[in-house]
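Asks: Pasting in a structure now, in structure tokens, and then I'll have a few things to ask.
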Amino acid sequence: MEQKNTCRWGILGAAFIARKNWQAIRDAGNGVLVAVASRELSRARTFIAECQANAPQPVLPEAMESYDALLARKDIDAVYIPLPTGLRKEWVLRAAAAGKHVLVEKPVGCEASDVAEIIATCEKHGVQFMDGVMFMHGRRLKRLREVVDRDLGQIRHIATQFSFMSDEEFQRTNIRAHGELEPLGCLGDLGWYCLRFTLWAMNYAVPTRVTGRIHAETRQGAAAPPVPLEFSGTLTFANGASASFYCSFTAAHAQWAMVSGSEGLLRVPDFVLPFSGEKTRFSVTRSEFALDGCRFDMHEGGCTERVDEPSSNAPGSQEARMFESFSSLVLSRRLDPHWPQISLLTQRVLDACLQSARQSGVAVEVVA
């Protein structure tokens with residue numbers, strides 16, 4: 001692969017999610033991983049050795065013991081940053097100042113002002129910014145857009161859930177329940193996806209008001225701020241459509257989304273992480289109620305559609321396409337403002353939901 005046709009990547013941090021994206025960079029087809037940095041050289045070396053044994057890169061990436069040293073390299077065009085939310089802004093700003101294009105995990109910031117500063121800095125230095133919501137790049141989502149716009153009629157309600165069951169050890173020690181590192185808890189880690197899908201379905205219309213409720217929270221240490229473990233919220237839009245979402249570290253695995261329209265119902269059983277297989281799927285239902293004397297019949301009228309798209313860990317999967325899309329922007333030397341704009345909108349809606357929850361569920365207006 002010639003360098004002129006390849007986006008050269010670095011990874012800041014050896015987080016668990018970075019293992020998946022190690023392979024996604026390789027599977028993108030237009031990217032190469034040059035280096036991985038950690039605060040400890042041994043950790044970077046271990047990360048590289050374990051990932052290389054599982055999903056080999058064509059050329060072994062270099063382990064580095066300093067984030068700054070990686071950002072100073074001239075042979076890196078873009079960085080993927082999976083650092084905790086509490087640390088993220090600092091390193092995004094440093095990466096942008098170093099002229100590196102930036103792909104980050106979500107939530108992007110601890111609050112909307114962080115994201116606005118990040119975007120302004122990336123614009124100032126002429127680098128692309130994008131958050132790591134993988135489903136945005138899948139083939140299925142493109143097909144879903146056609147279905148929502150053509151087949152459902154007027155959207156009346158959107159419902160989503162993203163959850164998994166954690167244990168007491170997770171709540172005591174995992175950074176996703178750490179008040180300083182991940183202050184948004186399940187709302188940031190899982191709710192971000194629910195809100196992004198809802199906003200996508202509504203073509204990024206800004207909700208007029210939102211509500212939020214924290215059903216369970218925890219704190220790691222008496223002095224640490226509490227973080228949500230279980231959260232639900234609602235959104236109301238100017239056209240009369242509404243949305244509800246539930247995210248939780250205290251419920252069984254679920255990641256479904258439904259869009260209810262005046263003419264049909266869309267169901268996606270796995271909108272975040274597609275179920276294992278060579279195809280992704282969704283269903284559309286147009287039920288009919290038939291009354292004949294004493295006979296009451298509800299006819300389902302449903303159909304399931306499958307899209308040629310591997311679930312994960314393969315060329316063409318949504319994570320590979322995310323890195324392919326980002327690398328293409330870098331190589332084209334053009335910036336796409338859509339990606340930072342939807343990151344900021346998602347964060348603003350999330351902030352408003354949390355504000356409502358901290359105020360006993362009072363309705364909060366979203367700042368456009």
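Each chain in the structure tokens gets a letter, A, B, ..., in the order shown, and its residues are numbered from 1; ligands are numbered from 1 in order too.
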With a cut-off of 12 Å, could you pull out the residues of segment 56-124 of chain A touching segment 311-324 of chain A and give me the nearest pair of atoms for each, distance in Å to one decimal, using only C-alpha atoms, ordered by chain and ascending number, as a tab-separated table?

Replies:
residue	atom	partner	partner_atom	distance
A:Ala78	CA	A:Phe323	CA	10.4
A:Val79	CA	A:Phe323	CA	10.9
A:Tyr80	CA	A:Phe323	CA	9.6
A:His101	CA	A:Phe323	CA	12.0
A:Val102	CA	A:Phe323	CA	11.2
A:Leu103	CA	A:Phe323	CA	8.8
A:Val104	CA	A:Phe323	CA	11.5

Asks: Output N, CA and C atoms for every residue in the selection just made, as an mmCIF file, in the first residue's frame.

Replies:
data_model
loop_
_atom_site.group_PDB
_atom_site.id
_atom_site.type_symbol
_atom_site.label_atom_id
_atom_site.label_comp_id
_atom_site.auth_asym_id
_atom_site.auth_seq_id
_atom_site.Cartn_x
_atom_site.Cartn_y
_atom_site.Cartn_z
ATOM 1 N N ALA A 78 -3.275 11.066 11.580
ATOM 2 C CA ALA A 78 -4.496 11.087 12.384
ATOM 3 C C ALA A 78 -4.295 10.256 13.637
ATOM 4 N N VAL A 79 -5.027 10.616 14.681
ATOM 5 C CA VAL A 79 -4.956 9.854 15.924
ATOM 6 C C VAL A 79 -6.349 9.434 16.352
ATOM 7 N N TYR A 80 -6.405 8.254 16.906
ATOM 8 C CA TYR A 80 -7.611 7.741 17.549
ATOM 9 C C TYR A 80 -7.382 7.831 19.052
ATOM 10 N N HIS A 101 -5.388 14.968 12.658
ATOM 11 C CA HIS A 101 -6.826 14.772 12.580
ATOM 12 C C HIS A 101 -7.239 13.851 13.728
ATOM 13 N N VAL A 102 -8.448 14.056 14.257
ATOM 14 C CA VAL A 102 -8.805 13.422 15.524
ATOM 15 C C VAL A 102 -10.131 12.655 15.440
ATOM 16 N N LEU A 103 -10.058 11.370 15.784
ATOM 17 C CA LEU A 103 -11.229 10.516 15.975
ATOM 18 C C LEU A 103 -11.234 10.107 17.445
ATOM 19 N N VAL A 104 -12.332 10.395 18.161
ATOM 20 C CA VAL A 104 -12.359 10.146 19.599
ATOM 21 C C VAL A 104 -13.524 9.241 19.990
#

Asks: Which polymer residues have any atom within 12 Å of an atom of Gln128 of chain A, counting only C-alpha atoms, with same-chain residues fewer than 5 positions away left out, as a PyMOL selection string?

Replies: chain A and resi 77-80+92+95-96+99-104+118-123+325-341

Asks: Find the distance between atom CA of Asp167 of chain A and atom CA of Leu12 of chain A and write it in Å to one decimal.

Replies: 28.4 Å

Asks: Could you pull the residues within 10 Å of Arg43 of chain A, counting only C-alpha atoms, minus those fewer than 5 positions along the same chain, as a PyMOL selection string?

Replies: chain A and resi 13-14+36-38+48-49+63-65

Asks: Can you write out the residues you just picked, keeping C-alpha atoms, as a PDB file, in the first residue's frame?

Replies:
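Result written to again29.pdb:
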ATOM      1  CA  GLY A  13      -3.955   4.985  25.023  1.00  0.00           C
ATOM      2  CA  ALA A  14      -4.261   1.215  25.347  1.00  0.00           C
ATOM      3  CA  VAL A  36       0.549   3.169  19.941  1.00  0.00           C
ATOM      4  CA  ALA A  37       1.339   5.321  22.977  1.00  0.00           C
ATOM      5  CA  SER A  38       0.665   4.690  26.637  1.00  0.00           C
ATOM      6  CA  ILE A  48       0.707  -4.300  20.626  1.00  0.00           C
ATOM      7  CA  ALA A  49       1.933  -7.850  21.247  1.00  0.00           C
ATOM      8  CA  ALA A  63       5.254   1.265  21.105  1.00  0.00           C
ATOM      9  CA  MET A  64       5.729   4.700  22.657  1.00  0.00           C
ATOM     10  CA  GLU A  65       5.795   5.751  26.312  1.00  0.00           C
TER      11      GLU A  65
END

Asks: Which of these residues is nearest to Ala35 of chain A, using only C-alpha atoms: A:Ala53, A:Ala69, A:Leu273, A:Val133?

Replies: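 Checking each candidate against Ala35 of chain A, we get A:Ala69 as the closest.
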
Asks: Excluding Pro84 of chain A and residues on its chain fewer than 4 positions from it, collect all residues at most 7 Å away from it, counting only C-alpha atoms, and give them as a list in words.

Replies: Arg88, Leu181 and Glu182 of chain A

Asks: If DSSP is run on the backbone, what residues of segment 3-233 of chain A are alpha helix (DSSP H)? A reply as an MDAnalysis selection string would be ideal.

Replies: chainID A and resid 17:28 41:54 67:71 85:97 112:124 139:151 168:173 185:186 192:201

Asks: Tell me, which residues of segment 60-96 of chain A carry DSSP strand (DSSP E or B), written as a list in words?

Replies: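 Of segment 60-96 of chain A, the ones in strand (DSSP E or B) are Glu62, Ala63, Met64, Ala78, Val79, Tyr80 and Ile81 of chain A.
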
Asks: Could you work out how far atom CA of Lys106 of chain A lies from atom CA of Trp22 of chain A, giving the answer in Å with one decimal?

Replies: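 Value for the atom CA of Trp22 of chain A-atom CA of Lys106 of chain A distance: 17.1 Å.
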
Asks: Nearest residue to Thr46 of chain A out of A:Ala15, A:Asn21, A:Ala98, A:Met130, using only C-alpha atoms?

Replies: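 Under the stated criterion, the closest residue is A:Ala15.
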
Asks: Please compute the atom CA of Glu309 of chain A-atom CA of Thr198 of chain A distance, one decimal, in Å.

Replies: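 Pair atom CA of Glu309 of chain A / atom CA of Thr198 of chain A returns 22.3 Å.
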
Asks: Can you pull out the residues contacting Ala241 of chain A? Cut-off 10 Å, using only C-alpha atoms, and skip same-chain residues under 2 positions away; I want them as a list in words.

Replies: Gln154, Ile155, Arg156, His157, Ile158, Met202, Pro207, Leu235, Thr236, Phe237, Ala238, Asn239, Ala243, Ser260 and Gly261 of chain A

Asks: Output N, CA and C atoms for every residue in that selection, as a short mmCIF file (atom, residue, chain, number, x, y, z; two decimals), in the first residue's frame.

Replies:
data_model
loop_
_atom_site.label_atom_id
_atom_site.label_comp_id
_atom_site.auth_asym_id
_atom_site.auth_seq_id
_atom_site.Cartn_x
_atom_site.Cartn_y
_atom_site.Cartn_z
N GLN A 154 -45.23 10.03 8.86
CA GLN A 154 -44.75 11.01 9.83
C GLN A 154 -44.31 10.31 11.11
N ILE A 155 -43.10 10.62 11.55
CA ILE A 155 -42.59 10.02 12.79
C ILE A 155 -43.39 10.54 13.97
N ARG A 156 -43.88 9.60 14.80
CA ARG A 156 -44.61 9.98 16.00
C ARG A 156 -43.80 9.72 17.27
N HIS A 157 -43.04 8.62 17.30
CA HIS A 157 -42.27 8.31 18.50
C HIS A 157 -41.05 7.45 18.15
N ILE A 158 -39.96 7.69 18.86
CA ILE A 158 -38.73 6.90 18.74
C ILE A 158 -38.40 6.38 20.13
N MET A 202 -34.50 11.87 13.38
CA MET A 202 -35.20 13.14 13.24
C MET A 202 -34.44 14.12 12.34
N PRO A 207 -34.47 19.01 19.71
CA PRO A 207 -35.68 18.88 20.52
C PRO A 207 -35.98 20.18 21.26
N LEU A 235 -37.61 13.10 24.98
CA LEU A 235 -37.36 14.26 24.13
C LEU A 235 -38.66 14.62 23.44
N THR A 236 -38.91 15.90 23.29
CA THR A 236 -40.08 16.40 22.57
C THR A 236 -39.61 17.32 21.46
N PHE A 237 -40.19 17.17 20.26
CA PHE A 237 -39.78 17.94 19.10
C PHE A 237 -40.90 18.89 18.67
N ALA A 238 -40.51 19.92 17.94
CA ALA A 238 -41.45 20.96 17.55
C ALA A 238 -42.58 20.45 16.67
N ASN A 239 -42.33 19.40 15.90
CA ASN A 239 -43.37 18.88 15.00
C ASN A 239 -44.33 17.91 15.69
N ALA A 243 -39.70 11.14 21.86
CA ALA A 243 -38.74 10.04 21.94
C ALA A 243 -38.53 9.68 23.40
N SER A 260 -41.67 4.71 15.36
CA SER A 260 -43.11 4.55 15.07
C SER A 260 -43.59 5.71 14.23
N GLY A 261 -44.14 5.39 13.07
CA GLY A 261 -44.65 6.43 12.19
C GLY A 261 -46.13 6.27 11.95
#

Asks: At a cut-off of 8 Å, using only C-alpha atoms, what residues contact Arg281 of chain A? Leave out same-chain residues fewer than 3 positions from it and give the result as a ChimeraX atom specification.

Replies: /A:140,268,304-307

Asks: Please provide as JSON, numbers by chain all residues within 6 Å of Ser163 of chain A, with the sequence filter that same-chain residues fewer than 5 positions apart are discarded (counting only C-alpha atoms).

Replies: {"A": [247, 248, 249, 251, 253, 254]}

Asks: Store the residues picked out above, limited to N, CA and C atoms, as a PDB file, in the first residue's frame.

Replies:
ATOM      1  N   CYS A 247     -30.963   3.741  29.369  1.00  0.00           N
ATOM      2  CA  CYS A 247     -29.605   3.217  29.331  1.00  0.00           C
ATOM      3  C   CYS A 247     -29.222   2.789  30.743  1.00  0.00           C
ATOM      4  N   SER A 248     -28.457   1.704  30.836  1.00  0.00           N
ATOM      5  CA  SER A 248     -28.254   1.144  32.170  1.00  0.00           C
ATOM      6  C   SER A 248     -27.061   0.204  32.218  1.00  0.00           C
ATOM      7  N   PHE A 249     -26.355   0.249  33.351  1.00  0.00           N
ATOM      8  CA  PHE A 249     -25.368  -0.759  33.699  1.00  0.00           C
ATOM      9  C   PHE A 249     -25.984  -1.821  34.607  1.00  0.00           C
ATOM     10  N   ALA A 251     -29.084  -3.653  33.849  1.00  0.00           N
ATOM     11  CA  ALA A 251     -30.109  -4.451  33.163  1.00  0.00           C
ATOM     12  C   ALA A 251     -29.424  -5.342  32.131  1.00  0.00           C
ATOM     13  N   HIS A 253     -28.321  -7.348  28.699  1.00  0.00           N
ATOM     14  CA  HIS A 253     -27.926  -6.836  27.389  1.00  0.00           C
ATOM     15  C   HIS A 253     -29.146  -6.510  26.534  1.00  0.00           C
ATOM     16  N   ALA A 254     -29.196  -5.287  26.050  1.00  0.00           N
ATOM     17  CA  ALA A 254     -30.239  -4.866  25.118  1.00  0.00           C
ATOM     18  C   ALA A 254     -29.717  -3.675  24.341  1.00  0.00           C
TER      19      ALA A 254
END

Asks: When distances are computed from only C-alpha atoms, which of A:Pro61, A:Cys51, A:Gln359, A:Ser42 shows the smallest separation from Trp9 of chain A?

Replies: A:Pro61

Asks: May I ask which of the residues A:Asn203, A:Ser276, A:Ser287, A:Thr211 is the closest one to Gln355 of chain A, counting only C-alpha atoms?

Replies: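 Ranking A:Asn203, A:Ser276, A:Ser287, A:Thr211 by distance to Gln355 of chain A, first place goes to A:Thr211.
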
Asks: Could you tell me which of A:Leu266, A:Ala224, A:Cys110, A:Ala97 comes closest to His125 of chain A if we count only C-alpha atoms?

Replies: A:Ala97

Asks: From the options A:Arg176, A:Arg295, A:Arg286, A:Lys279, which residue's atoms come nearest to Arg139 of chain A, counting only C-alpha atoms?

Replies: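 For Arg139 of chain A, the nearest of the given residues is A:Lys279.
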